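With compact mmCIF, C-alpha atoms inside, this is target.txt:
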# COMPACT_ATOMS: atom_id res chain seq x y z
CA MET A 1 41.44 -80.67 30.46
CA LYS A 2 44.44 -79.27 32.27
CA THR A 3 46.78 -81.70 34.01
CA ILE A 4 49.81 -81.02 36.14
CA VAL A 5 52.39 -83.74 36.72
CA ASP A 6 55.45 -83.92 38.93
CA GLN A 7 58.44 -84.34 36.61
CA THR A 8 60.25 -86.68 39.03
CA ILE A 9 57.60 -89.41 38.71
CA MET A 10 57.20 -89.27 34.95
CA SER A 11 59.43 -92.28 34.33
CA TYR A 12 57.01 -94.64 36.11
CA GLY A 13 55.13 -96.96 33.78
CA SER A 14 51.55 -96.03 34.70
CA ILE A 15 52.33 -92.32 34.63
CA GLN A 16 53.97 -92.70 31.21
CA ASP A 17 50.86 -94.50 29.96
CA LEU A 18 48.60 -91.67 31.10
CA LEU A 19 50.81 -88.89 29.78
CA ARG A 20 51.05 -90.56 26.38
CA HIS A 21 47.32 -89.88 25.87
CA LEU A 22 46.33 -86.98 28.13
CA GLY A 23 48.11 -84.51 25.85
CA ARG A 24 45.56 -85.33 23.15
CA ILE A 25 42.62 -84.05 25.16
CA GLY A 26 44.14 -81.04 26.87
CA GLN A 27 47.24 -79.38 28.27
CA VAL A 28 49.79 -81.20 30.40
CA ALA A 29 52.16 -79.12 32.54
CA GLN A 30 55.30 -80.61 34.07
CA LEU A 31 56.24 -79.45 37.54
CA LYS A 32 60.02 -79.04 37.71
CA ASN A 33 60.29 -77.52 41.17
CA LYS A 34 58.07 -79.02 43.86
CA GLU A 35 58.31 -75.87 45.96
CA SER A 36 56.50 -73.92 43.29
CA LEU A 37 53.48 -76.26 43.34
CA PRO A 38 51.13 -73.80 45.17
CA GLU A 39 52.00 -71.07 42.68
CA ALA A 40 51.56 -73.48 39.76
CA LEU A 41 48.14 -74.57 41.05
CA ASN A 42 47.08 -70.96 41.35
CA GLN A 43 48.21 -69.94 37.91
CA PHE A 44 47.57 -73.07 35.83
CA GLN A 45 44.34 -74.16 37.60
CA PRO A 46 44.64 -77.89 36.71
CA GLU A 47 41.67 -80.24 36.84
CA LEU A 48 43.90 -83.28 37.34
CA LEU A 49 47.00 -83.51 39.54
CA ILE A 50 49.50 -86.37 39.28
CA LEU A 51 51.88 -86.26 42.23
CA ASP A 52 54.07 -88.36 44.47
CA SER A 53 52.08 -89.41 47.56
CA GLN A 54 54.64 -87.67 49.79
CA ASP A 55 53.98 -84.32 48.15
CA VAL A 56 50.29 -84.19 48.97
CA SER A 57 50.23 -81.25 51.36
CA SER A 58 47.30 -79.45 52.96
CA ILE A 59 47.54 -76.92 50.14
CA VAL A 60 47.02 -79.66 47.57
CA ARG A 61 44.07 -81.09 49.50
CA ALA A 62 42.48 -77.66 49.87
CA TYR A 63 42.96 -76.96 46.17
CA CYS A 64 41.35 -80.28 45.20
CA ASN A 65 38.41 -79.73 47.55
CA ASN A 66 37.76 -76.14 46.49
CA ASN A 67 38.17 -76.74 42.75
CA LYS A 68 36.81 -80.28 42.48
CA ALA A 69 40.14 -81.31 40.98
CA ARG A 70 41.09 -84.99 40.81
CA LEU A 71 44.26 -86.30 42.39
CA ILE A 72 46.33 -89.29 41.26
CA THR A 73 49.25 -90.25 43.46
CA LEU A 74 52.17 -92.56 43.03
CA GLY A 75 52.08 -94.47 46.30
CA GLU A 76 49.18 -94.69 48.78
CA ASN A 77 47.59 -91.48 50.04
CA GLU A 78 44.17 -91.09 51.64
CA ALA A 79 43.49 -87.83 49.82
CA SER A 80 43.98 -89.31 46.35
CA ASN A 81 41.22 -90.47 44.02
CA ILE A 82 43.51 -93.11 42.52
CA SER A 83 46.90 -94.28 43.69
CA PHE A 84 49.39 -96.37 41.72
CA ASN A 85 51.80 -98.83 43.18
CA LYS A 86 55.40 -97.62 42.96
CA ASP A 87 56.70 -101.13 42.38
CA ASN A 88 54.61 -101.58 39.26
CA ASN A 89 56.88 -99.71 36.91
CA ILE A 90 56.14 -101.50 33.64
CA PRO A 91 54.42 -99.43 30.98
CA ARG A 92 51.56 -101.05 29.10
CA MET A 93 51.61 -101.73 25.39
CA ASN A 94 51.34 -98.65 23.23
CA TYR A 95 49.53 -99.08 19.92
CA ASP A 96 51.21 -95.94 18.48
CA THR A 97 54.35 -98.07 17.99
CA LEU A 98 52.53 -100.10 15.34
CA GLY A 99 52.36 -96.96 13.20
CA PHE A 100 56.10 -97.30 12.67
CA LYS A 101 55.91 -100.86 11.38
CA GLU A 102 57.56 -101.28 7.99
CA ASP A 103 57.77 -104.26 5.70
CA VAL A 104 61.55 -104.62 5.40
CA ASP A 105 63.93 -107.56 5.46
CA LYS A 106 64.72 -108.67 8.99
CA THR A 107 68.40 -109.51 9.08
CA ASP A 108 69.98 -107.83 12.10
CA ILE A 109 70.67 -108.83 15.67
CA SER A 110 70.43 -105.55 17.56
CA VAL A 111 71.63 -104.86 21.09
CA PHE A 112 70.18 -101.86 22.96
CA ALA A 113 72.34 -100.85 25.92
CA ASP A 114 70.79 -98.03 27.93
CA LYS A 115 72.81 -97.95 31.13
CA PRO A 116 76.52 -98.30 32.01
CA GLU A 117 75.84 -101.62 33.75
CA HIS A 118 74.71 -103.07 30.39
CA ALA A 119 78.08 -102.29 28.79
CA GLN A 120 79.70 -105.59 29.77
CA TYR A 121 76.97 -107.58 28.01
CA ALA A 122 77.11 -105.35 24.95
CA GLU A 123 80.91 -105.56 24.76
CA PHE A 124 80.76 -109.34 25.11
CA LEU A 125 78.25 -109.59 22.27
CA CYS A 126 80.19 -107.19 20.03
CA LYS A 127 83.35 -109.21 20.56
CA ASN A 128 81.85 -112.63 19.90
CA TYR A 129 78.77 -112.34 17.71
CA ASN A 130 77.51 -110.67 14.57
CA VAL A 131 75.52 -107.94 16.31
CA LYS A 132 74.95 -104.22 15.99
CA CYS A 133 74.91 -102.25 19.18
CA TYR A 134 73.01 -99.03 19.93
CA GLY A 135 72.36 -96.78 22.90
CA PRO A 136 73.61 -93.85 24.91
CA VAL A 137 76.37 -95.89 26.55
CA LYS A 138 79.56 -95.91 24.50
CA ILE A 139 80.76 -99.43 23.73
CA ASN A 140 84.38 -99.95 22.69
CA SER A 141 83.76 -101.77 19.47
CA PRO A 142 83.31 -100.89 15.80
CA ARG A 143 79.97 -102.67 16.08
CA TYR A 144 78.69 -99.82 18.28
CA LEU A 145 76.68 -97.59 15.94
CA GLY A 146 75.70 -94.77 18.27
CA ALA A 147 72.95 -93.27 20.37
CA ILE A 148 69.46 -93.42 18.90
CA ASN A 149 66.22 -91.48 19.23
CA ASP A 150 62.73 -93.06 19.25
CA VAL A 151 62.17 -92.90 15.51
CA GLU A 152 65.60 -94.42 14.83
CA LYS A 153 64.83 -97.11 17.42
CA TYR A 154 61.67 -98.12 15.52
CA GLU A 155 63.55 -98.03 12.22
CA ILE A 156 66.20 -100.37 13.67
CA LEU A 157 63.64 -102.71 15.26
CA ASN A 158 61.92 -103.03 11.89
CA LYS A 159 65.02 -104.57 10.31
CA THR A 160 65.87 -106.62 13.41
CA LYS A 161 65.10 -110.33 13.66
CA VAL A 162 66.32 -110.73 17.25
CA SER A 163 66.86 -107.93 19.77
CA VAL A 164 68.82 -108.02 23.01
CA VAL A 165 67.12 -105.63 25.41
CA PHE A 166 67.38 -104.54 29.02
CA ASN A 167 63.93 -103.13 29.69
CA THR A 168 60.35 -104.35 29.34
CA GLN A 169 59.12 -101.44 27.28
CA LEU A 170 61.73 -102.06 24.61
CA ALA A 171 60.86 -105.77 24.66
CA GLN A 172 57.20 -104.88 24.05
CA GLU A 173 58.10 -102.53 21.20
CA SER A 174 60.38 -105.19 19.78
CA VAL A 175 57.53 -107.72 19.71
CA GLN A 176 55.17 -105.17 18.17
CA LEU A 177 57.63 -104.51 15.34
CA GLY A 178 58.32 -108.18 14.73
CA ALA A 179 61.70 -108.70 16.41
CA TYR A 180 61.99 -111.51 18.94
CA PRO A 181 63.46 -110.12 22.20
CA PHE A 182 66.05 -111.65 24.50
CA ILE A 183 65.52 -109.73 27.72
CA PHE A 184 67.77 -109.16 30.71
CA SER A 185 65.79 -110.63 33.60
CA THR A 186 66.05 -113.31 36.24
CA ASN A 187 62.49 -114.33 35.49
CA GLN A 188 62.10 -116.80 32.60
CA GLY A 189 58.60 -115.84 31.50
CA PHE A 190 57.21 -115.97 28.01
CA VAL A 191 60.36 -114.55 26.44
CA LYS A 192 63.92 -115.88 26.46
CA ALA A 193 65.67 -114.16 29.32
CA PHE A 194 69.30 -113.91 30.40
CA SER A 195 70.76 -112.87 33.70
CA ASN A 196 74.48 -113.41 33.11
CA LEU A 197 76.98 -113.98 30.32
CA VAL A 198 76.46 -117.76 30.37
CA SER A 199 72.70 -117.55 29.83
CA LEU A 200 73.27 -114.80 27.27
CA SER A 201 75.63 -117.10 25.33
CA ASP A 202 73.00 -119.81 25.53
CA CYS A 203 70.44 -117.45 23.97
CA MET A 204 72.88 -116.35 21.26
CA ASP A 205 73.98 -119.88 20.39
CA ASN A 206 70.38 -120.78 19.60
CA ILE A 207 69.79 -117.67 17.56
CA ASP A 208 69.13 -119.59 14.36
CA ASN A 209 66.01 -121.20 15.86
CA ASP A 210 62.77 -120.21 14.24
CA TYR A 211 61.14 -117.71 16.54
CA THR A 212 58.12 -117.05 14.30
CA SER A 213 55.63 -119.04 16.33
CA MET A 214 57.03 -117.77 19.65
CA LEU A 215 56.76 -114.23 18.34
CA LYS A 216 53.16 -114.87 17.29
CA ASP A 217 52.33 -116.13 20.79
CA LEU A 218 53.97 -113.09 22.37
CA THR A 219 52.04 -110.73 20.09
CA GLN A 220 48.78 -112.42 21.09
CA ILE A 221 49.63 -112.13 24.79
CA LEU A 222 50.45 -108.45 24.36
CA GLU A 223 47.30 -107.74 22.39
CA SER A 224 45.10 -109.44 24.95
CA SER A 225 46.64 -107.49 27.82
CA GLU A 226 45.59 -104.00 28.83
CA ASN A 227 47.18 -101.32 26.66
CA SER A 228 48.03 -97.75 27.54
CA LEU A 229 44.94 -96.31 25.84
CA SER A 230 42.40 -98.59 27.53
CA PHE A 231 44.22 -97.98 30.81
CA THR A 232 43.96 -94.19 30.41
CA ILE A 233 40.28 -94.34 29.43
CA GLY A 234 39.59 -96.62 32.40
CA THR A 235 41.42 -94.26 34.75
CA LEU A 236 39.49 -91.22 33.48
CA ASN A 237 36.20 -93.08 33.94
CA THR A 238 37.17 -94.10 37.48
CA LEU A 239 37.92 -90.45 38.24
CA GLY A 240 34.46 -89.53 37.00
CA LEU A 241 35.88 -87.69 34.01
CA THR A 242 33.62 -89.51 31.56
CA ALA A 243 33.39 -86.64 29.07
CA GLN A 244 37.19 -86.59 28.77
CA ALA A 245 37.29 -90.37 28.47
CA THR A 246 34.80 -90.24 25.59
CA LYS A 247 36.75 -87.41 23.96
CA LEU A 248 39.96 -89.45 24.16
CA GLU A 249 38.23 -92.49 22.72
CA GLU A 250 36.98 -90.39 19.81
CA THR A 251 40.42 -89.01 18.98
CA TYR A 252 41.49 -92.57 18.09
CA LYS A 253 38.47 -93.39 15.92
CA MET B 1 87.91 -88.19 -13.40
CA ILE B 2 88.68 -88.86 -9.75
CA GLY B 3 88.76 -86.54 -6.74
CA PHE B 4 90.09 -86.89 -3.22
CA LEU B 5 88.54 -85.14 -0.26
CA VAL B 6 91.39 -84.82 2.23
CA ASP B 7 91.64 -83.71 5.84
CA ASN B 8 95.36 -82.96 5.69
CA GLY B 9 98.26 -83.86 3.44
CA ASN B 10 100.14 -85.88 6.04
CA ASP B 11 99.64 -89.33 4.57
CA GLN B 12 102.79 -90.01 2.54
CA ASN B 13 101.37 -93.08 0.77
CA MET B 14 98.39 -91.06 -0.33
CA LEU B 15 100.58 -88.20 -1.58
CA THR B 16 102.89 -90.49 -3.53
CA ASN B 17 100.21 -92.59 -5.17
CA VAL B 18 97.78 -89.78 -5.90
CA SER B 19 100.66 -87.75 -7.41
CA GLN B 20 101.55 -90.69 -9.62
CA LEU B 21 97.92 -91.17 -10.62
CA SER B 22 97.69 -87.49 -11.55
CA THR B 23 100.33 -88.06 -14.25
CA GLU B 24 98.02 -90.60 -15.90
CA LYS B 25 94.49 -89.35 -15.23
CA ARG B 26 92.54 -86.22 -14.36
CA VAL B 27 92.88 -85.94 -10.58
CA HIS B 28 91.48 -83.27 -8.27
CA VAL B 29 92.35 -82.93 -4.60
CA PHE B 30 89.91 -81.03 -2.40
CA SER B 31 91.44 -79.66 0.77
CA SER B 32 90.96 -76.71 3.10
CA SER B 33 94.73 -76.39 3.53
CA LEU B 34 97.58 -76.14 1.05
CA ILE B 35 99.40 -79.35 0.19
CA PRO B 36 102.72 -78.18 -1.32
CA SER B 37 103.93 -81.69 -2.09
CA MET B 38 100.87 -82.42 -4.20
CA PRO B 39 101.27 -81.52 -7.85
CA GLY B 40 98.24 -80.82 -10.02
CA ASN B 41 94.79 -79.64 -9.10
CA VAL B 42 94.46 -78.82 -5.41
CA LEU B 43 91.17 -77.03 -4.90
CA GLN B 44 89.26 -75.57 -2.00
CA ARG B 45 87.17 -78.21 -0.27
CA TYR B 46 83.85 -76.55 -1.14
CA GLU B 47 84.69 -77.00 -4.85
CA ALA B 48 83.84 -80.67 -4.34
CA TYR B 49 80.17 -79.66 -4.43
CA HIS B 50 80.58 -78.95 -8.17
CA PHE B 51 82.63 -82.07 -8.88
CA ASN B 52 81.01 -84.66 -11.14
CA GLY B 53 83.46 -87.56 -11.05
CA THR B 54 84.29 -90.26 -8.55
CA ILE B 55 85.27 -89.00 -5.12
CA VAL B 56 87.21 -90.76 -2.37
CA THR B 57 87.87 -89.79 1.23
CA ASP B 58 89.58 -91.60 4.08
CA SER B 59 88.33 -89.12 6.68
CA PHE B 60 85.31 -90.14 8.75
CA ARG B 61 84.61 -86.47 9.41
CA LEU B 62 84.65 -85.52 5.74
CA CYS B 63 82.75 -88.65 4.79
CA GLN B 64 79.69 -86.91 6.24
CA GLN B 65 79.82 -84.55 3.25
CA LEU B 66 79.76 -87.33 0.66
CA PRO B 67 75.97 -87.81 0.46
CA HIS B 68 75.59 -84.06 -0.07
CA LEU B 69 77.89 -83.87 -3.09
CA GLY B 70 75.02 -83.84 -5.54
CA TYR B 71 76.93 -84.09 -8.83
CA CYS B 72 79.31 -86.90 -7.89
CA LYS B 73 79.16 -90.09 -9.93
CA ASN B 74 80.49 -92.39 -7.19
CA ARG B 75 81.29 -91.70 -3.55
CA PHE B 76 83.76 -93.84 -1.64
CA TYR B 77 84.66 -93.92 2.02
CA TYR B 78 88.06 -95.52 2.45
CA ILE B 79 88.07 -97.21 5.87
CA LYS B 80 91.62 -97.35 7.16
CA ASP B 81 90.71 -97.54 10.83
CA TYR B 82 87.44 -97.61 12.73
CA ALA B 83 87.31 -93.87 13.38
CA TRP B 84 83.74 -93.94 14.75
CA GLU B 85 84.93 -96.16 17.58
CA THR B 86 86.99 -93.30 18.99
CA ILE B 87 84.12 -90.78 19.15
CA ASP B 88 82.88 -90.23 22.69
CA ARG B 89 79.28 -89.36 21.94
CA LEU B 90 78.39 -90.88 18.64
CA PRO B 91 74.87 -90.16 17.35
CA TYR B 92 73.43 -92.89 15.13
CA ARG B 93 72.41 -90.29 12.53
CA ILE B 94 76.12 -89.72 11.76
CA MET B 95 76.56 -93.43 11.05
CA LYS B 96 73.44 -93.33 8.87
CA ASN B 97 74.91 -90.44 6.94
CA THR B 98 78.28 -92.09 6.42
CA LEU B 99 79.01 -95.77 6.71
CA LEU B 100 75.39 -96.91 6.43
CA ASN B 101 74.38 -94.46 3.72
CA PRO B 102 73.31 -96.40 0.61
CA ASN B 103 74.95 -93.78 -1.66
CA VAL B 104 78.35 -94.19 -0.05
CA ASP B 105 80.41 -97.13 -1.28
CA LEU B 106 83.10 -98.66 0.88
CA ILE B 107 86.78 -99.39 0.42
CA VAL B 108 88.73 -101.17 3.15
CA ASN B 109 92.43 -101.20 3.81
CA ASP B 110 92.80 -104.90 4.44
CA VAL B 111 90.94 -108.04 3.52
CA SER B 112 90.56 -108.86 7.23
CA GLN B 113 88.19 -105.88 7.56
CA VAL B 114 85.76 -107.06 4.90
CA LYS B 115 83.66 -109.43 7.03
CA LEU B 116 83.18 -107.00 9.90
CA ILE B 117 82.36 -104.03 7.67
CA GLU B 118 79.91 -106.02 5.58
CA GLU B 119 78.20 -107.31 8.73
CA ILE B 120 77.90 -103.83 10.22
CA THR B 121 76.71 -102.08 7.08
CA ASN B 122 74.77 -104.82 5.26
CA LYS B 123 76.61 -103.57 2.15
CA LYS B 124 79.23 -105.21 -0.06
CA VAL B 125 82.72 -103.78 0.23
CA LYS B 126 83.60 -102.49 -3.25
CA HIS B 127 87.41 -102.56 -3.05
CA VAL B 128 90.26 -103.69 -0.84
CA MET B 129 93.03 -101.10 -1.22
CA ASN B 130 96.17 -101.47 0.81
CA ASN B 131 97.74 -98.08 1.63
CA TRP B 132 96.37 -96.21 -1.38
CA ASP B 133 97.51 -98.95 -3.81
CA ILE B 134 97.95 -97.25 -7.18
CA ASN B 135 96.49 -100.22 -9.09
CA VAL B 136 93.25 -100.09 -7.12
CA LEU B 137 93.15 -96.31 -7.52
CA ARG B 138 93.40 -96.73 -11.31
CA GLN B 139 90.55 -99.26 -11.17
CA ILE B 140 88.36 -96.87 -9.13
CA ALA B 141 89.16 -93.97 -11.46
CA ASP B 142 88.14 -96.07 -14.48
CA GLU B 143 84.76 -97.09 -13.03

Show how you would write the structure in this file as structure tokens.
Amino acid sequence: MKTIVDQTIMSYGSIQDLLRHLGRIGQVAQLKNKESLPEALNQFQPELLILDSQDVSSIVRAYCNNNKARLITLGENEASNISFNKDNNIPRMNYDTLGFKEDVDKTDISVFADKPEHAQYAEFLCKNYNVKCYGPVKINSPRYLGAINDVEKYEILNKTKVSVVFNTQLAQESVQLGAYPFIFSTNQGFVKAFSNLVSLSDCMDNIDNDYTSMLKDLTQILESSENSLSFTIGTLNTLGLTAQATKLEETYK
Amino acid sequence: MIGFLVDNGNDQNMLTNVSQLSTEKRVHVFSSSLIPSMPGNVLQRYEAYHFNGTIVTDSFRLCQQLPHLGYCKNRFYYIKDYAWETIDRLPYRIMKNTLLNPNVDLIVNDVSQVKLIEEITNKKVKHVMNNWDINVLRQIADE
């Protein structure tokens, strides 16, 4: 199955979930320049289009009607077969992460700072606690150990007992690989969250607590929730692409 | 047999103490530039790949070569300052290849550095050597 996706919406959680699996059952093309969409449709002939709702032009509608192509939009659009809410930007759990699980000693407290606004928290932690800090944002401390790729991230999470994270996906991955996450959020949900340096200190001062049972609860919650694979299969079925849904299901058996 | 992988010959303490050590033991210095004030064996840096003794470097840049020196008996990175802190875009793989590499042992300049370095690396610091202390150098050469 050929899919075309607008590159600007690829960071959204639901789109990430779909793209993670669609590549296994066909070709996925990324559209870099929106102006070249008509040309891309003509040449690539996709069966599934994933676009921003604002980019659904008459050309797109005509293409979908004439070629029986399915349309997924980010944001409401009457021409789309399925539309995702833009505010729901949290990716679902990805079972592929479990493939990186290793049985190693968990000793580290790892901080993952992705954006410049996280630097103040990371610097505070490096100055006052026994942590190791990672991420693309340079932190002025010898405890900053550099920018990491995905494989390195999993390797680090495996030897981490507690992680300090700033996004939900990393928190999920952290739980999957057995590290209890402290997450930057104003919402105190199932995990320990911090929203300023005071609440962060509070989390860090209780770091010696036993998080085993809390981690077990979190893992159960994650496992019972919808994961990226079941979401993709469900979406394909809703679009009427049952053959592709079955094919995807079989690739994981 | 001990070797030193050096960036430049500007460190006077290093020159003095390594020169003195070379009067007592077999010492090789591996450098890409000439070090006129260094008596004894100054070899091209690539010769370190054939060296089968203990090797020491205080350069974070050259420390990246240590894991690749296949014949070396022991490899030491002498941490005088936190050089990785000054790098603008530091990839983690460089840290893995140097400080965190299990085949690279660590020497620190001052006892105050021990706790931090051990926490960062999860490794034991092998020696505390203040400004190329000749006594510690002898100890390392005898290992």

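Residue nearest A:Glu39 within the list A:Leu170, A:Ala179, A:Ile59, A:Ile25: A:Ile59 [criterion: smallest interatomic distance, only C-alpha atoms].
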
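The environment of A:Leu145 within 8 Å, counting only C-alpha atoms and disregarding residues fewer than 4 places along the same chain, consists of Lys132, Cys133 and Tyr134 of chain A; Leu90, Pro91, Tyr92 and Met95 of chain B.
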
Could you list, as a PyMOL selection string, every residue within 12 Å of A:Lys68, counting only C-alpha atoms and ignoring same-chain residues fewer than 3 positions away? chain A and resi 45-49+60-65+71+81+239-241

From atom CA of B:Val29 to atom CA of B:Asn17 the spacing works out at 12.5 Å

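If you measure from each of B:Lys96, B:Lys124, B:Met38, B:Tyr71 to B:Phe51 using all atoms listed in the file, the closest one turns out to be B:Tyr71.
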
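Remark: for chain A, the closest of the candidate residues B:Asn13, B:Asn101, B:Asn74, B:Thr121 is B:Thr121 (distances computed over all atoms listed in the file).
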
- Fewer than 4 positions away in the same chain doesn't count, so skip those; otherwise give me all residues within 8 Å of B:Pro67, counting only C-alpha atoms, as a ChimeraX atom specification. /B:75,97-98,101,103-104

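Between atom CA of A:Gln172 and atom CA of A:Met93 lies a distance of 6.6 Å.
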
Per residue of chain B within 12 Å of chain A, note the shortest atom pair and the distance in Å to one decimal, counting all atoms listed in the file, and order the rows by chain and increasing residue number, as a Markdown table.
| residue | atom | partner | partner_atom | distance |
| --- | --- | --- | --- | --- |
| B:Ile79 | CA | A:Pro142 | CA | 11.6 |
| B:Asp81 | CA | A:Pro142 | CA | 9.5 |
| B:Tyr82 | CA | A:Pro142 | CA | 6.1 |
| B:Ala83 | CA | A:Pro142 | CA | 8.4 |
| B:Trp84 | CA | A:Pro142 | CA | 7.0 |
| B:Glu85 | CA | A:Pro142 | CA | 5.3 |
| B:Thr86 | CA | A:Asn140 | CA | 8.0 |
| B:Ile87 | CA | A:Lys138 | CA | 8.7 |
| B:Asp88 | CA | A:Lys138 | CA | 6.8 |
| B:Arg89 | CA | A:Lys138 | CA | 7.0 |
| B:Leu90 | CA | A:Gly146 | CA | 4.7 |
| B:Pro91 | CA | A:Ala147 | CA | 4.7 |
| B:Tyr92 | CA | A:Gly146 | CA | 4.3 |
| B:Arg93 | CA | A:Ile148 | CA | 7.7 |
| B:Ile94 | CA | A:Gly146 | CA | 8.2 |
| B:Met95 | CA | A:Leu145 | CA | 6.4 |
| B:Lys96 | CA | A:Leu145 | CA | 8.9 |
| B:Asn97 | CA | A:Leu145 | CA | 11.6 |
| B:Thr98 | CA | A:Leu145 | CA | 11.1 |
| B:Leu99 | CA | A:Leu145 | CA | 9.7 |
| B:Leu100 | CA | A:Leu145 | CA | 9.6 |
| B:Gln113 | CA | A:Pro142 | CA | 10.8 |
| B:Lys115 | CA | A:Asn130 | CA | 9.8 |
| B:Leu116 | CA | A:Arg143 | CA | 8.2 |
| B:Ile117 | CA | A:Pro142 | CA | 8.8 |
| B:Glu118 | CA | A:Asn130 | CA | 10.4 |
| B:Glu119 | CA | A:Asn130 | CA | 6.8 |
| B:Ile120 | CA | A:Arg143 | CA | 6.3 |
| B:Thr121 | CA | A:Lys132 | CA | 9.3 |
| B:Asn122 | CA | A:Thr107 | CA | 8.8 |

Practice item. Please provide the set of residues having any atom within 10 Å of B:Leu21, restricted to only C-alpha atoms, with same-chain residues fewer than 5 positions apart removed, written as a VMD selection string. Key: chain B and resid 2 15 to 16 26 to 27 134 to 135 137 to 138 141

Now that the selection is made, can you save its residues with C-alpha atoms as a tab-separated table (two decimals), in the coordinates of the input?
chain	number	residue	atom	x	y	z
B	2	ILE	CA	88.68	-88.86	-9.75
B	15	LEU	CA	100.58	-88.20	-1.58
B	16	THR	CA	102.89	-90.49	-3.53
B	26	ARG	CA	92.54	-86.22	-14.36
B	27	VAL	CA	92.88	-85.94	-10.58
B	134	ILE	CA	97.95	-97.25	-7.18
B	135	ASN	CA	96.49	-100.22	-9.09
B	137	LEU	CA	93.15	-96.31	-7.52
B	138	ARG	CA	93.40	-96.73	-11.31
B	141	ALA	CA	89.16	-93.97	-11.46

So which residues touch A:Phe231 within 12 Å, counting only C-alpha atoms, skipping near sequence neighbours fewer than 3 positions away, as a PyMOL selection string? chain A and resi 13-22+91-94+225-228+234-238+245+248-249

Min atom-atom distance to A:Leu218 from the set A:Ser174, A:Thr246, A:Thr3, A:Asn196, counting all atoms listed in the file, belongs to A:Ser174

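Relative to atom CA of A:Val191, atom CA of A:Thr212 is found at 12.6 Å.
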